[in-house]
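Q: Starting off with a structure, shown below.
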Amino acid sequence: MRSVLRVSPLPLATLVVLLLGVSLPFVSSGYVLGLLTVAFYTAVFAMSWDLLFGFAGEVNFGPTFLIGLGAYTAGILDARLAPHVAIWVCVLAGAVMAVVGGVLLALPALRVRGPYFGLVTLVAVLILQNVVVVFASLTGGEIGLSVPDVMSISASTNYWIAFGFMVVSGAVLFGLSRSPIGLVLEASGQDAVQAGALGFNVAKHKLFAFIVSAFFSGLAGALMVFYMGTASVSTFIDISVGVQIIIAAVLGGRRTVIGAAIGAVFLIGMGELLRPLGELATLLVSVMALFVVLFFPDGFLGMLQGRSRGG
Amino acid sequence: MLVWQILIDGFAISALYALGATGFTLIFGVSGVLNLSHGAIMVASAVAAWAIAGSLHAGAYASALGGMAVGVVLAFATYFIAVRPIQRSRRIAEAEKEIFILTTTLLWGIILQEAVAYFFTSNAKTVLPIVEGVVRVLGVRTPSNEFFTALICWVAIGLLWLLVNKTRHGKEVLAASMNPRGVTLLGIELSRIHIAVWLVYGVLASLAGVLLGMFLGVSSYSVGPLTASAFSIVVLGGLGSVSGSLVAAYVVGYLETLTAYLISPAYRTIPALLLLVVVMYLRPQGLFGRR
Amino acid sequence: MLEVRGLTKRFGGLVAVKDLSFSIRGGEILGLIGPNGSGKSTAMRTVMGVERPTAGSILLEGHEIGGLPSHQVARRGVGLVFQHSRPLNRQTVLENIKVALLPDRLTMIFASAEVDAQARAIAERVGLGAVLQRKPPTLPFADLRRLELAKAIARHPKLVLVDEPFAGLTASEVAAFSELIAGFRAEGRAVLLVDHNVKGVSALVDRVVAMYLGEWIAEGSAADVMRDETVRRVYLGGALTRVARGSLDTSGRTPALQVDDVEVRYGKALAVQGVSLHVHEGEFVSLVGLNGAGKTTLFNAISGLVPHNGSVRWAGADLAGATPAAIARGGIVQCPETRELFGDMTVRENLELGGHGLDDAERAQRLEWLYDLFAILRDRERQIARTLSGGEQQMLAIARALMMKPKLLILDEPTLGLAPVILETLSKALDRLRSTTRLTVLLGEQNVTFALPHADRLYVMDHGKIVWEGLPERFEAEVADNYL
């Protein structure tokens with residue numbers, strides 16, 4: 001029997017991390033802040049993926065399709081229409097476009113079984129890549145797109161925007177996962193037949209999960225464009241970037257949402273640490289990721305949870 | 001004339017795709033695995049052949065065979081590193097194993113791709129062709145290599161067909177793809193069958209890679225598009241149907257060739273992708289699929 | 001309350017349910033009984049909306065629900081308890097029940113306190129009050145079944161469907177569950193129980209509808225249905241005949257197959273409990289028992305296809321650790337209930353695969369012998385296995401098993417779904433095998449009439465245990481009445 005006085009460590013730990021996070025710009029260099037900014041946006045990518053996979057049971061092999069849609073829509077709007085249109089409008093437009101993409105992706109998902117859906121998501125990324133290359137005059141093609149506006153030039157401001165965005169997104173996504181909707185989503189993902197027999201329209205709930213995942217992915221992608229000032233296929237619509245996002249979520253622990261954020265920060269940090277090795281860096285990170293997937297499929301938080309509950 | 005050029009080029013490229021896709025389908029049919037490191041194995045075999053020719057100064061045949069040997073080793077590595085551990089794992093739920101295998105094979109593919117780029121640079125390489133020279137057929141000057149490629153591909157596919165349908169061991173593999181439990185009940189170890197299948201797959205994929213290297217050249221950048229074409233073809237044809245893959249390979253091959261000649265080489269992969277999307281929406285099981 | 005009229009369900013070429021009609025009133029428990037393949041589970045799933053009916057109508061309180069998706073059927077007041085428990089393993093018992101209570105809306109951010117209270121009340125009712133905070137992987141089997149019941153009745157459905165209510169439960173648990181289900185009836189709900197045999201549910205049901213091969217065959221009180229001629233023929237295979245047979249002297253010999261205290265669990269459910277049996281070389285032993293008794297599970301344990309406790313010894317050696325393929329090569333060849341043929345290959349190819357371990361000459365010879373035994377296979381040599389009739393497929397499966405030169409042939413329910421005419425042919429073939437070879441046979445059958453004449457010895461299996469062992473002559477006198 002647990003002692004009544006024992007406080008659960010999780011809220012305390014979260015508070016400490018949040019405080020540390022907010023105060024970091026006062027002690028760190030612009031370089032570290034920049035790195036963490038990218039990590040935070042990646043964290044939102046990973047958390048959105050976790051919501052879709054962990055809860056609706058759908059494996060999205062091309063999260064970069066949704067991210068790319070958000071990023072490029074925002075970027076193109078700004079590049080074409082600035083200064084007539086505010087950044088925030090572009091960002092929102094990007095999010096909306098990503099949602100449209102999410103719905104398009106959801107349609108076959110609700111009708112096909114097993115590996116087919118994963119393949120559809122991979123194909124979606126390839127198609128988007130090709131579209132960007134074909135319409136190079138609009139998108140900048142393989143060279144990339146430059147946007148005239150950025151959110152801020154200050155590393156600290158950018159950091160706080162990213163941090164704040166991550167915390168809010170994390171709170172929403174985590175909250176969703178723990179809410180009754182999250183429960184129904186999980187039921188739909190684990191056993192669609194049973195969920196139907198319990199009276200839940202599984203298709204409706206999965207569509208909802210797609211829309212939420214797409215919204216946050218697209219939003220984060222759009223914001224990142226205005227942080228970096230550029231958009232390119234290799235940063236936003238790449239298969240290996242997509243794989244990294246999946247790895248981040250698996251590393252942190254599937255179905256924990258928060259774990260995905262931890263995984264993302266860890267992965268970006270590790271990539272940076274290994275940067276001096278040049279080409280070898282990606283290779284090593286991939287090897288590590290394979291190692292984790294094979295030997296620690298439950299991920300970091302998953303392992304912690306397993307140990308504390310004792311099964 | 002352009003028409004003949006398209007017909008001949010298209011035939012050769014489709015034959016290559018068919019060879020690769022057949023291997024891909026075989027693995028799926030028997031092992032139930034969609035090997036996303038397929039393109040990487042093809043490219044690695046070609047690069048190995050090139051490297052052997054370059055550093056060991058071996059002849060065309062020897063380097064081709066050497067490249068294939070490397071490919072077979074990599075295929076086995078894929079099975080023992082990325083596939084079998086997941087299949088036998090007790091910590092992953094049955095329903096999630098397929099997804100994990102997709103992830104591990106994808107990761108393994110990326111590892112191979114990065115390794116090739118790191119050790120051999122990402123520049124395009126061509127493998128020493130076995131057949132050289134140009135032939136004039138129907139008014140078109142075509143490298144003899146193209147005919148050689150198409151011929152070898154079809155001989156390989158034919159041999160595979162003979163192996164699977166006419167030899168006893170081949171029939172055991174075919175039976176395993178229909179009913180693994182039935183095969184076990186007859187006293188045949190499934191693990192032996194899996195090893196045999198990955199061996200055959202390694203031969204097919206590495207052969208396709210080496211031939212591609214001779215025909216068009218490869219680089220580490222080819223990995224993604226190659227894997228993508230392979231599974232597009234296989235999904236189009238219907239997962240698990242070899243005849244479907246053959247037909248789909250020709251559809252995709254000709255679509256790409258037509259696009260490259262008539263529109264632009266930069267857009268060659270697009271029509272096939274669009275076709276795939278349409279098929280996914282209208283007939284997800286593919287042209288000939290039933291599983 | 002529920003009226004089913006002319007319900008038909010077709011899966012491609014297979015007709016699983018054909019023109020089924022029955023009705024249930026509120027406050028009544030109806031048992032839908034039938035052996036494997038009778039279509040009872042399909043019928044139930046179609047009522048629930050998990051499958052769409054091909055034809056016919058399903059009326060709930062006068063409103064047509066046939067063809068509606070399952071979530072709409074559920075919302076109209078139908079609850080289903082699945083045969084296999086499907087809990088959310090990562091949520092607590094309380095949360096599992098809460099899911100069943102949630103409305104189908106996307107806007108629920110916070111669950112109301114009402115839902116919590118309701119969930120607790122339901123948990124108390126089914127007996128889960130003490131384990132609300134535990135997670136399903138830590139619960140015993142019976143509690144998992146209680147959880148399934150709780151989920152199904154959470155929203156007070158008018159109609160409750162229960163698939164195999166007592167499978168895997170001990171006697172005392174069966175009593176507790178019966179009480180719970182009787183409680184639903186007392187509340188005025190209609191209850192449909194689906195099960196393999198009448199005996200298990202006879203105490204609980206008001207009426208029984210018996211099915212066979214997708215069709216209605218009998219209806220009435222439990223006792224009436226058990227006495228019905230057609231039902232008895234379908235289950236027992238007809239009147240029991242005694243056959244004069246030479247006795248086999250097995251005194252002093254060690255059995256070829258020795259099974260000791262074998263126990264098999266599927267997840268938490270105990271499918272086979274402490275079973276011991278033995279078979280001597282050259283013996284024909286029949287293991288009879290209704291579907292669900294555990295025969296197939298036991299055979300799978302012997303063949304190494306499922307993990308088990310206890311020991312299985314063959315020709316003096318313990319089989320523990322051997323792969324199933326190795327056990328097959330060692331002489332124990334199983335011809336399972338599902339036959340496991342290579343559907344897209346021809347008859348000849350299937351047979352030749354069976355003979356993979358033989359050299360060419362011997363294989364050809366054996367093939368000839370089998371064509372002699374099962375003449376129809378010779379005629380259909382080049383036909384694709386999938387297109388054969390049920391009886392032909394069964395003969396092919398047995399012939400293929402025989403191609404392996406087995407020392408022990410395990411036959412699992414060979415008569416399943418076959419017309420009586422085919423049974424004659426099969427029976428004759430088995431006779432010839434017995435008289436011309438020293439084949440050892442272990443036959444598992446529900447159809448006692450088929451199993452009895454050939455057997456040297458008989459075991460009866462029920463609910464995972466061996467309940468009787470003896471000579472076939474004594475079966476009718478001692479056991480037959482209790483069998484159904």
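Scheme for the structure tokens: letters A, B, ... for chains in order shown; per-chain residue numbers from 1; ligand numbers from 1 in order shown.
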Mind the document's chain letters and residue numbers, and return as an MDAnalysis selection string the residues of region 237-290 of chain B that DSSP labels alpha helix (DSSP H).

A: chainID B and resid 237 242:262 270:282

Q: Print the selection's residues with N, CA and C atoms to a file, as a JSON list (two decimals), in the first residue's frame.

A:
```
[["chain", "number", "residue", "atom", "x", "y", "z"],
["B", 237, "GLY", "N", 0.37, -3.60, -58.27],
["B", 237, "GLY", "CA", 0.08, -4.92, -58.79],
["B", 237, "GLY", "C", -0.72, -5.76, -57.82],
["B", 242, "VAL", "N", 2.79, -12.05, -57.70],
["B", 242, "VAL", "CA", 3.98, -11.87, -58.53],
["B", 242, "VAL", "C", 3.59, -11.43, -59.93],
["B", 243, "SER", "N", 2.54, -12.03, -60.49],
["B", 243, "SER", "CA", 2.13, -11.62, -61.84],
["B", 243, "SER", "C", 1.68, -10.17, -61.83],
["B", 244, "GLY", "N", 1.05, -9.77, -60.74],
["B", 244, "GLY", "CA", 0.63, -8.38, -60.60],
["B", 244, "GLY", "C", 1.84, -7.46, -60.64],
["B", 245, "SER", "N", 2.90, -7.84, -59.93],
["B", 245, "SER", "CA", 4.09, -7.00, -59.90],
["B", 245, "SER", "C", 4.70, -6.88, -61.29],
["B", 246, "LEU", "N", 4.70, -7.98, -62.03],
["B", 246, "LEU", "CA", 5.30, -7.94, -63.37],
["B", 246, "LEU", "C", 4.55, -6.97, -64.26],
["B", 247, "VAL", "N", 3.22, -7.08, -64.23],
["B", 247, "VAL", "CA", 2.42, -6.17, -65.05],
["B", 247, "VAL", "C", 2.62, -4.73, -64.60],
["B", 248, "ALA", "N", 2.53, -4.52, -63.29],
["B", 248, "ALA", "CA", 2.66, -3.16, -62.75],
["B", 248, "ALA", "C", 4.04, -2.59, -63.07],
["B", 249, "ALA", "N", 5.08, -3.44, -63.05],
["B", 249, "ALA", "CA", 6.43, -2.96, -63.35],
["B", 249, "ALA", "C", 6.47, -2.36, -64.74],
["B", 250, "TYR", "N", 5.80, -3.03, -65.66],
["B", 250, "TYR", "CA", 5.80, -2.50, -67.03],
["B", 250, "TYR", "C", 4.97, -1.24, -67.14],
["B", 251, "VAL", "N", 3.88, -1.20, -66.41],
["B", 251, "VAL", "CA", 3.06, 0.02, -66.42],
["B", 251, "VAL", "C", 3.89, 1.20, -65.91],
["B", 252, "VAL", "N", 4.52, 1.00, -64.77],
["B", 252, "VAL", "CA", 5.31, 2.07, -64.17],
["B", 252, "VAL", "C", 6.52, 2.41, -65.04],
["B", 253, "GLY", "N", 7.20, 1.37, -65.52],
["B", 253, "GLY", "CA", 8.39, 1.59, -66.34],
["B", 253, "GLY", "C", 8.07, 2.41, -67.58],
["B", 254, "TYR", "N", 6.98, 2.05, -68.25],
["B", 254, "TYR", "CA", 6.63, 2.80, -69.46],
["B", 254, "TYR", "C", 6.13, 4.20, -69.14],
["B", 255, "LEU", "N", 5.38, 4.33, -68.05],
["B", 255, "LEU", "CA", 4.93, 5.67, -67.63],
["B", 255, "LEU", "C", 6.13, 6.58, -67.41],
["B", 256, "GLU", "N", 7.14, 6.05, -66.73],
["B", 256, "GLU", "CA", 8.32, 6.86, -66.45],
["B", 256, "GLU", "C", 9.05, 7.22, -67.72],
["B", 257, "THR", "N", 9.20, 6.22, -68.60],
["B", 257, "THR", "CA", 9.94, 6.48, -69.84],
["B", 257, "THR", "C", 9.22, 7.50, -70.71],
["B", 258, "LEU", "N", 7.90, 7.32, -70.83],
["B", 258, "LEU", "CA", 7.11, 8.26, -71.63],
["B", 258, "LEU", "C", 7.26, 9.67, -71.07],
["B", 259, "THR", "N", 7.14, 9.78, -69.75],
["B", 259, "THR", "CA", 7.26, 11.10, -69.12],
["B", 259, "THR", "C", 8.64, 11.70, -69.35],
["B", 260, "ALA", "N", 9.66, 10.86, -69.20],
["B", 260, "ALA", "CA", 11.02, 11.37, -69.36],
["B", 260, "ALA", "C", 11.24, 11.90, -70.76],
["B", 261, "TYR", "N", 10.72, 11.17, -71.76],
["B", 261, "TYR", "CA", 10.95, 11.59, -73.14],
["B", 261, "TYR", "C", 10.04, 12.71, -73.56],
["B", 262, "LEU", "N", 8.77, 12.62, -73.19],
["B", 262, "LEU", "CA", 7.79, 13.55, -73.75],
["B", 262, "LEU", "C", 7.62, 14.81, -72.92],
["B", 270, "ILE", "N", 6.57, 11.19, -61.36],
["B", 270, "ILE", "CA", 5.26, 11.71, -60.94],
["B", 270, "ILE", "C", 4.04, 10.92, -61.41],
["B", 271, "PRO", "N", 3.93, 10.62, -62.71],
["B", 271, "PRO", "CA", 2.70, 9.92, -63.13],
["B", 271, "PRO", "C", 2.48, 8.61, -62.38],
["B", 272, "ALA", "N", 3.56, 7.88, -62.14],
["B", 272, "ALA", "CA", 3.41, 6.61, -61.44],
["B", 272, "ALA", "C", 2.87, 6.84, -60.03],
["B", 273, "LEU", "N", 3.39, 7.88, -59.37],
["B", 273, "LEU", "CA", 2.92, 8.19, -58.03],
["B", 273, "LEU", "C", 1.44, 8.56, -58.05],
["B", 274, "LEU", "N", 1.07, 9.36, -59.04],
["B", 274, "LEU", "CA", -0.33, 9.76, -59.12],
["B", 274, "LEU", "C", -1.22, 8.54, -59.35],
["B", 275, "LEU", "N", -0.75, 7.66, -60.24],
["B", 275, "LEU", "CA", -1.50, 6.44, -60.49],
["B", 275, "LEU", "C", -1.66, 5.65, -59.19],
["B", 276, "LEU", "N", -0.60, 5.61, -58.43],
["B", 276, "LEU", "CA", -0.65, 4.88, -57.17],
["B", 276, "LEU", "C", -1.70, 5.46, -56.24],
["B", 277, "VAL", "N", -1.73, 6.80, -56.18],
["B", 277, "VAL", "CA", -2.73, 7.44, -55.31],
["B", 277, "VAL", "C", -4.14, 7.07, -55.76],
["B", 278, "VAL", "N", -4.36, 7.15, -57.07],
["B", 278, "VAL", "CA", -5.69, 6.81, -57.59],
["B", 278, "VAL", "C", -6.06, 5.38, -57.22],
["B", 279, "VAL", "N", -5.12, 4.47, -57.43],
["B", 279, "VAL", "CA", -5.39, 3.07, -57.11],
["B", 279, "VAL", "C", -5.67, 2.89, -55.62],
["B", 280, "MET", "N", -4.92, 3.59, -54.79],
["B", 280, "MET", "CA", -5.12, 3.48, -53.35],
["B", 280, "MET", "C", -6.52, 3.90, -52.95],
["B", 281, "TYR", "N", -7.01, 4.92, -53.62],
["B", 281, "TYR", "CA", -8.34, 5.39, -53.28],
["B", 281, "TYR", "C", -9.43, 4.49, -53.84],
["B", 282, "LEU", "N", -9.21, 4.00, -55.06],
["B", 282, "LEU", "CA", -10.29, 3.26, -55.73],
["B", 282, "LEU", "C", -10.24, 1.76, -55.50]]
```

Q: What are the closest atom pairs, with distances in Å to one decimal, for each residue of chain C lying within 10 Å of chain A, using only C-alpha atoms, rows by chain and rising residue number, as a Markdown table?

A:
```
| residue | atom | partner | partner_atom | distance |
| --- | --- | --- | --- | --- |
| C:Arg45 | CA | A:Ala197 | CA | 9.8 |
| C:Met48 | CA | A:Ala197 | CA | 7.3 |
| C:Gly49 | CA | A:Ala197 | CA | 8.0 |
| C:Val50 | CA | A:Val193 | CA | 7.1 |
| C:Pro69 | CA | A:Gly196 | CA | 7.8 |
| C:Ser70 | CA | A:Ala197 | CA | 5.3 |
| C:His71 | CA | A:Gly199 | CA | 3.7 |
| C:Gln72 | CA | A:Gly199 | CA | 6.3 |
| C:Val73 | CA | A:Gly199 | CA | 7.4 |
| C:Ala74 | CA | A:Gly199 | CA | 4.9 |
| C:Arg75 | CA | A:Gly199 | CA | 5.5 |
| C:Arg76 | CA | A:Gly199 | CA | 8.9 |
| C:Gly77 | CA | A:Gly199 | CA | 9.5 |
| C:Val78 | CA | A:Ala197 | CA | 8.6 |
| C:Gly79 | CA | A:Ala197 | CA | 7.2 |
| C:Leu80 | CA | A:Ala197 | CA | 6.8 |
| C:Val81 | CA | A:Ala197 | CA | 9.2 |
| C:Phe82 | CA | A:Gln194 | CA | 8.4 |
| C:Ser85 | CA | A:Gln194 | CA | 9.9 |
| C:Arg86 | CA | A:Gln194 | CA | 7.3 |
| C:Pro87 | CA | A:Asp191 | CA | 8.9 |
| C:Leu88 | CA | A:Ala187 | CA | 6.7 |
| C:Asn89 | CA | A:Gln190 | CA | 9.3 |
| C:Arg90 | CA | A:Glu186 | CA | 9.4 |
| C:Gln91 | CA | A:Leu183 | CA | 8.6 |
| C:Glu95 | CA | A:Leu183 | CA | 8.1 |
| C:Asn96 | CA | A:Leu183 | CA | 8.7 |
| C:Lys98 | CA | A:Pro180 | CA | 8.6 |
| C:Val99 | CA | A:Val184 | CA | 6.5 |
| C:Ala100 | CA | A:Leu198 | CA | 5.7 |
| C:Leu101 | CA | A:Leu198 | CA | 8.4 |
| C:Leu102 | CA | A:Pro180 | CA | 7.5 |
| C:Pro103 | CA | A:Phe200 | CA | 7.9 |
| C:Asp104 | CA | A:Phe200 | CA | 5.4 |
| C:Arg105 | CA | A:Ile181 | CA | 8.1 |
| C:Leu106 | CA | A:Ile181 | CA | 6.4 |
| C:Thr107 | CA | A:Ile181 | CA | 7.5 |
| C:Met108 | CA | A:Ile181 | CA | 6.1 |
| C:Ile109 | CA | A:Ser179 | CA | 5.5 |
| C:Phe110 | CA | A:Ser179 | CA | 6.2 |
| C:Ala111 | CA | A:Pro180 | CA | 6.1 |
| C:Ser112 | CA | A:Pro180 | CA | 9.8 |
| C:Lys135 | CA | A:Gly311 | CA | 8.7 |
| C:Pro137 | CA | A:Gly311 | CA | 7.9 |
| C:Thr138 | CA | A:Gly311 | CA | 7.5 |
| C:Lys151 | CA | A:Leu198 | CA | 7.6 |
| C:Ala152 | CA | A:Leu198 | CA | 7.3 |
| C:Ile153 | CA | A:Leu198 | CA | 9.9 |
| C:Ala154 | CA | A:Leu198 | CA | 9.3 |
| C:Arg155 | CA | A:Leu198 | CA | 9.3 |
```

Q: Run DSSP on the backbone of this structure and report the residues of region 38-283 of chain B it assigns to strand (DSSP E), as a ChimeraX atom specification.

A: /B:134-137,140-143

Q: Report as a list in words all protein, DNA and RNA residues lying within 10 Å of Gly202 (chain B), evaluated on only C-alpha atoms, omitting residues in the same chain fewer than 2 positions from it.

A: Gly23, Phe24, His38, Ile41, Met42, Ser45, Met68, Ala69, Val70, Gly71, Val72, Val73, Leu74, Ala75, Phe76, Thr78, Ala196, Val197, Trp198, Leu199, Val200, Leu204, Ala205, Ser206, Leu207 and Ala208 of chain B

Q: Near Ile92 (chain B), within 10 Å and counting only C-alpha atoms, which residues show up once chain neighbours fewer than 4 positions away are dropped, as a PyMOL selection string?

A: (chain A and resi 294+297-298) or (chain B and resi 86-88+96-97+100)

Q: I'd like the neighbourhood of Asp260 (chain C) as a list in words, where a residue qualifies if any of its atoms comes within 12 Å (using only C-alpha atoms), though same-chain residues fewer than 3 positions away should be ignored.

A: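 Non-adjacent residues within range: Pro255, Leu257, Glu263, Val272, Gln273, Gly274, Val275, Ser276, Leu277, His278, Val279, Leu298, Ala301, Ile302, His308, Asn309, Gly310, Ser311, Val312, Arg313, Trp314, Asp318, Leu319 and Ile466 of chain C.
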
Q: What are the closest atom pairs, with distances in Å to one decimal, for all residues of chain B lying within 8 Å of chain C? Consider only C-alpha atoms, order rows by chain and residue number, and present the result as a Markdown table.

A:
```
| residue | atom | partner | partner_atom | distance |
| --- | --- | --- | --- | --- |
| B:Arg168 | CA | C:His356 | CA | 7.6 |
| B:Lys171 | CA | C:Leu353 | CA | 7.7 |
| B:Glu172 | CA | C:Leu353 | CA | 7.1 |
| B:Ala175 | CA | C:Phe342 | CA | 6.0 |
| B:Met178 | CA | C:Phe342 | CA | 6.0 |
| B:Asn179 | CA | C:Phe342 | CA | 6.2 |
| B:Arg181 | CA | C:Glu340 | CA | 6.9 |
| B:Gly182 | CA | C:Glu340 | CA | 5.0 |
| B:Thr184 | CA | C:Ala325 | CA | 5.0 |
| B:Leu185 | CA | C:Ala325 | CA | 6.2 |
| B:Leu186 | CA | C:Gly354 | CA | 6.0 |
| B:Gly187 | CA | C:Ala325 | CA | 3.9 |
| B:Ile188 | CA | C:Ala325 | CA | 5.4 |
| B:Glu189 | CA | C:Ala325 | CA | 5.5 |
```

Q: Can I get the selected residues back with N, CA and C atoms, as a PDB file, in the first residue's frame?

A:
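Below you can see part.pdb, which holds the result:
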```
ATOM      1  N   ARG B 168      11.305 -29.074 -56.079  1.00  0.00           N
ATOM      2  CA  ARG B 168      10.656 -29.441 -54.832  1.00  0.00           C
ATOM      3  C   ARG B 168      10.844 -28.370 -53.773  1.00  0.00           C
ATOM      4  N   LYS B 171       8.731 -25.435 -54.453  1.00  0.00           N
ATOM      5  CA  LYS B 171       7.322 -25.628 -54.106  1.00  0.00           C
ATOM      6  C   LYS B 171       7.109 -25.509 -52.604  1.00  0.00           C
ATOM      7  N   GLU B 172       8.116 -25.904 -51.842  1.00  0.00           N
ATOM      8  CA  GLU B 172       7.986 -25.761 -50.391  1.00  0.00           C
ATOM      9  C   GLU B 172       7.848 -24.285 -50.041  1.00  0.00           C
ATOM     10  N   ALA B 175       4.450 -23.130 -51.056  1.00  0.00           N
ATOM     11  CA  ALA B 175       3.470 -23.621 -50.083  1.00  0.00           C
ATOM     12  C   ALA B 175       3.511 -22.776 -48.822  1.00  0.00           C
ATOM     13  N   MET B 178       1.549 -19.774 -49.052  1.00  0.00           N
ATOM     14  CA  MET B 178       0.103 -20.005 -48.985  1.00  0.00           C
ATOM     15  C   MET B 178      -0.332 -20.321 -47.576  1.00  0.00           C
ATOM     16  N   ASN B 179       0.453 -21.128 -46.886  1.00  0.00           N
ATOM     17  CA  ASN B 179       0.006 -21.643 -45.597  1.00  0.00           C
ATOM     18  C   ASN B 179       1.190 -22.097 -44.755  1.00  0.00           C
ATOM     19  N   ARG B 181       1.473 -22.732 -41.642  1.00  0.00           N
ATOM     20  CA  ARG B 181       1.153 -23.793 -40.683  1.00  0.00           C
ATOM     21  C   ARG B 181       1.135 -25.147 -41.394  1.00  0.00           C
ATOM     22  N   GLY B 182       0.615 -25.155 -42.616  1.00  0.00           N
ATOM     23  CA  GLY B 182       0.580 -26.416 -43.373  1.00  0.00           C
ATOM     24  C   GLY B 182       1.974 -26.974 -43.585  1.00  0.00           C
ATOM     25  N   THR B 184       4.626 -26.461 -41.709  1.00  0.00           N
ATOM     26  CA  THR B 184       5.143 -26.978 -40.435  1.00  0.00           C
ATOM     27  C   THR B 184       4.588 -28.363 -40.160  1.00  0.00           C
ATOM     28  N   LEU B 185       3.299 -28.542 -40.423  1.00  0.00           N
ATOM     29  CA  LEU B 185       2.665 -29.828 -40.165  1.00  0.00           C
ATOM     30  C   LEU B 185       3.295 -30.939 -40.999  1.00  0.00           C
ATOM     31  N   LEU B 186       3.887 -30.553 -42.133  1.00  0.00           N
ATOM     32  CA  LEU B 186       4.527 -31.559 -42.977  1.00  0.00           C
ATOM     33  C   LEU B 186       5.974 -31.792 -42.585  1.00  0.00           C
ATOM     34  N   GLY B 187       6.362 -31.214 -41.481  1.00  0.00           N
ATOM     35  CA  GLY B 187       7.702 -31.493 -40.990  1.00  0.00           C
ATOM     36  C   GLY B 187       8.790 -30.646 -41.619  1.00  0.00           C
ATOM     37  N   ILE B 188       8.418 -29.544 -42.258  1.00  0.00           N
ATOM     38  CA  ILE B 188       9.420 -28.668 -42.864  1.00  0.00           C
ATOM     39  C   ILE B 188       9.616 -27.470 -41.956  1.00  0.00           C
ATOM     40  N   GLU B 189      10.885 -27.215 -41.585  1.00  0.00           N
ATOM     41  CA  GLU B 189      11.152 -26.108 -40.686  1.00  0.00           C
ATOM     42  C   GLU B 189      10.983 -24.788 -41.419  1.00  0.00           C
TER      43      GLU B 189
END
```

Q: Hey, could you make a per-residue contact list for chain A against chain B with 9 Å as the cut-off, showing the nearest pair of atoms and its distance in Å to one decimal, counting only C-alpha atoms, sorted by chain and number, as CSV?

A:
```
residue,atom,partner,partner_atom,distance
A:Val59,CA,B:Ile99,CA,7.2
A:Phe61,CA,B:Thr103,CA,8.5
A:Leu107,CA,B:Tyr281,CA,8.1
A:Pro108,CA,B:Tyr281,CA,5.9
A:Arg111,CA,B:Pro284,CA,8.3
A:Val112,CA,B:Pro284,CA,6.6
A:Gly114,CA,B:Glu98,CA,8.1
A:Pro115,CA,B:Glu98,CA,7.4
A:Tyr116,CA,B:Pro284,CA,7.7
A:Gly118,CA,B:Ile99,CA,8.2
A:Leu119,CA,B:Phe231,CA,8.0
A:Val120,CA,B:Met280,CA,7.5
A:Leu122,CA,B:Ala228,CA,8.3
A:Val123,CA,B:Leu273,CA,7.1
A:Ala124,CA,B:Val277,CA,8.3
A:Leu126,CA,B:Leu273,CA,8.0
A:Ile127,CA,B:Leu273,CA,6.6
A:Asn130,CA,B:Ile270,CA,6.8
A:Val131,CA,B:Ile270,CA,8.5
A:Val133,CA,B:Ala266,CA,8.6
A:Val134,CA,B:Tyr267,CA,7.2
A:Ile239,CA,B:Gly224,CA,8.3
A:Ser240,CA,B:Ile110,CA,7.5
A:Val243,CA,B:Leu107,CA,7.6
A:Ile246,CA,B:Thr103,CA,8.5
A:Ile247,CA,B:Thr103,CA,8.6
A:Glu279,CA,B:Tyr118,CA,5.9
A:Leu280,CA,B:Tyr118,CA,6.5
A:Thr282,CA,B:Glu114,CA,7.0
A:Leu283,CA,B:Ile111,CA,5.5
A:Leu284,CA,B:Ile111,CA,8.1
A:Val285,CA,B:Ile111,CA,9.0
A:Ser286,CA,B:Ile111,CA,6.0
A:Val287,CA,B:Ile111,CA,6.6
A:Ala289,CA,B:Leu107,CA,7.7
A:Leu290,CA,B:Thr104,CA,6.3
A:Val293,CA,B:Thr104,CA,7.3
A:Leu294,CA,B:Ile86,CA,7.0
A:Pro297,CA,B:Ile92,CA,7.3
A:Asp298,CA,B:Arg91,CA,8.2
```

Q: Distance CA of Trp468 (chain C)-CA of Gly292 (chain C), one decimal place?

A: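 Distance reported for this atom pair: 16.8 Å.
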
Q: For Tyr159 (chain A), work out the shell of residues within 9 Å, counting only C-alpha atoms and skipping chain neighbours fewer than 5 positions away, then give it as JSON, numbers by chain.

A: {"A": [25, 33, 34, 36, 37, 38, 40, 154, 164]}
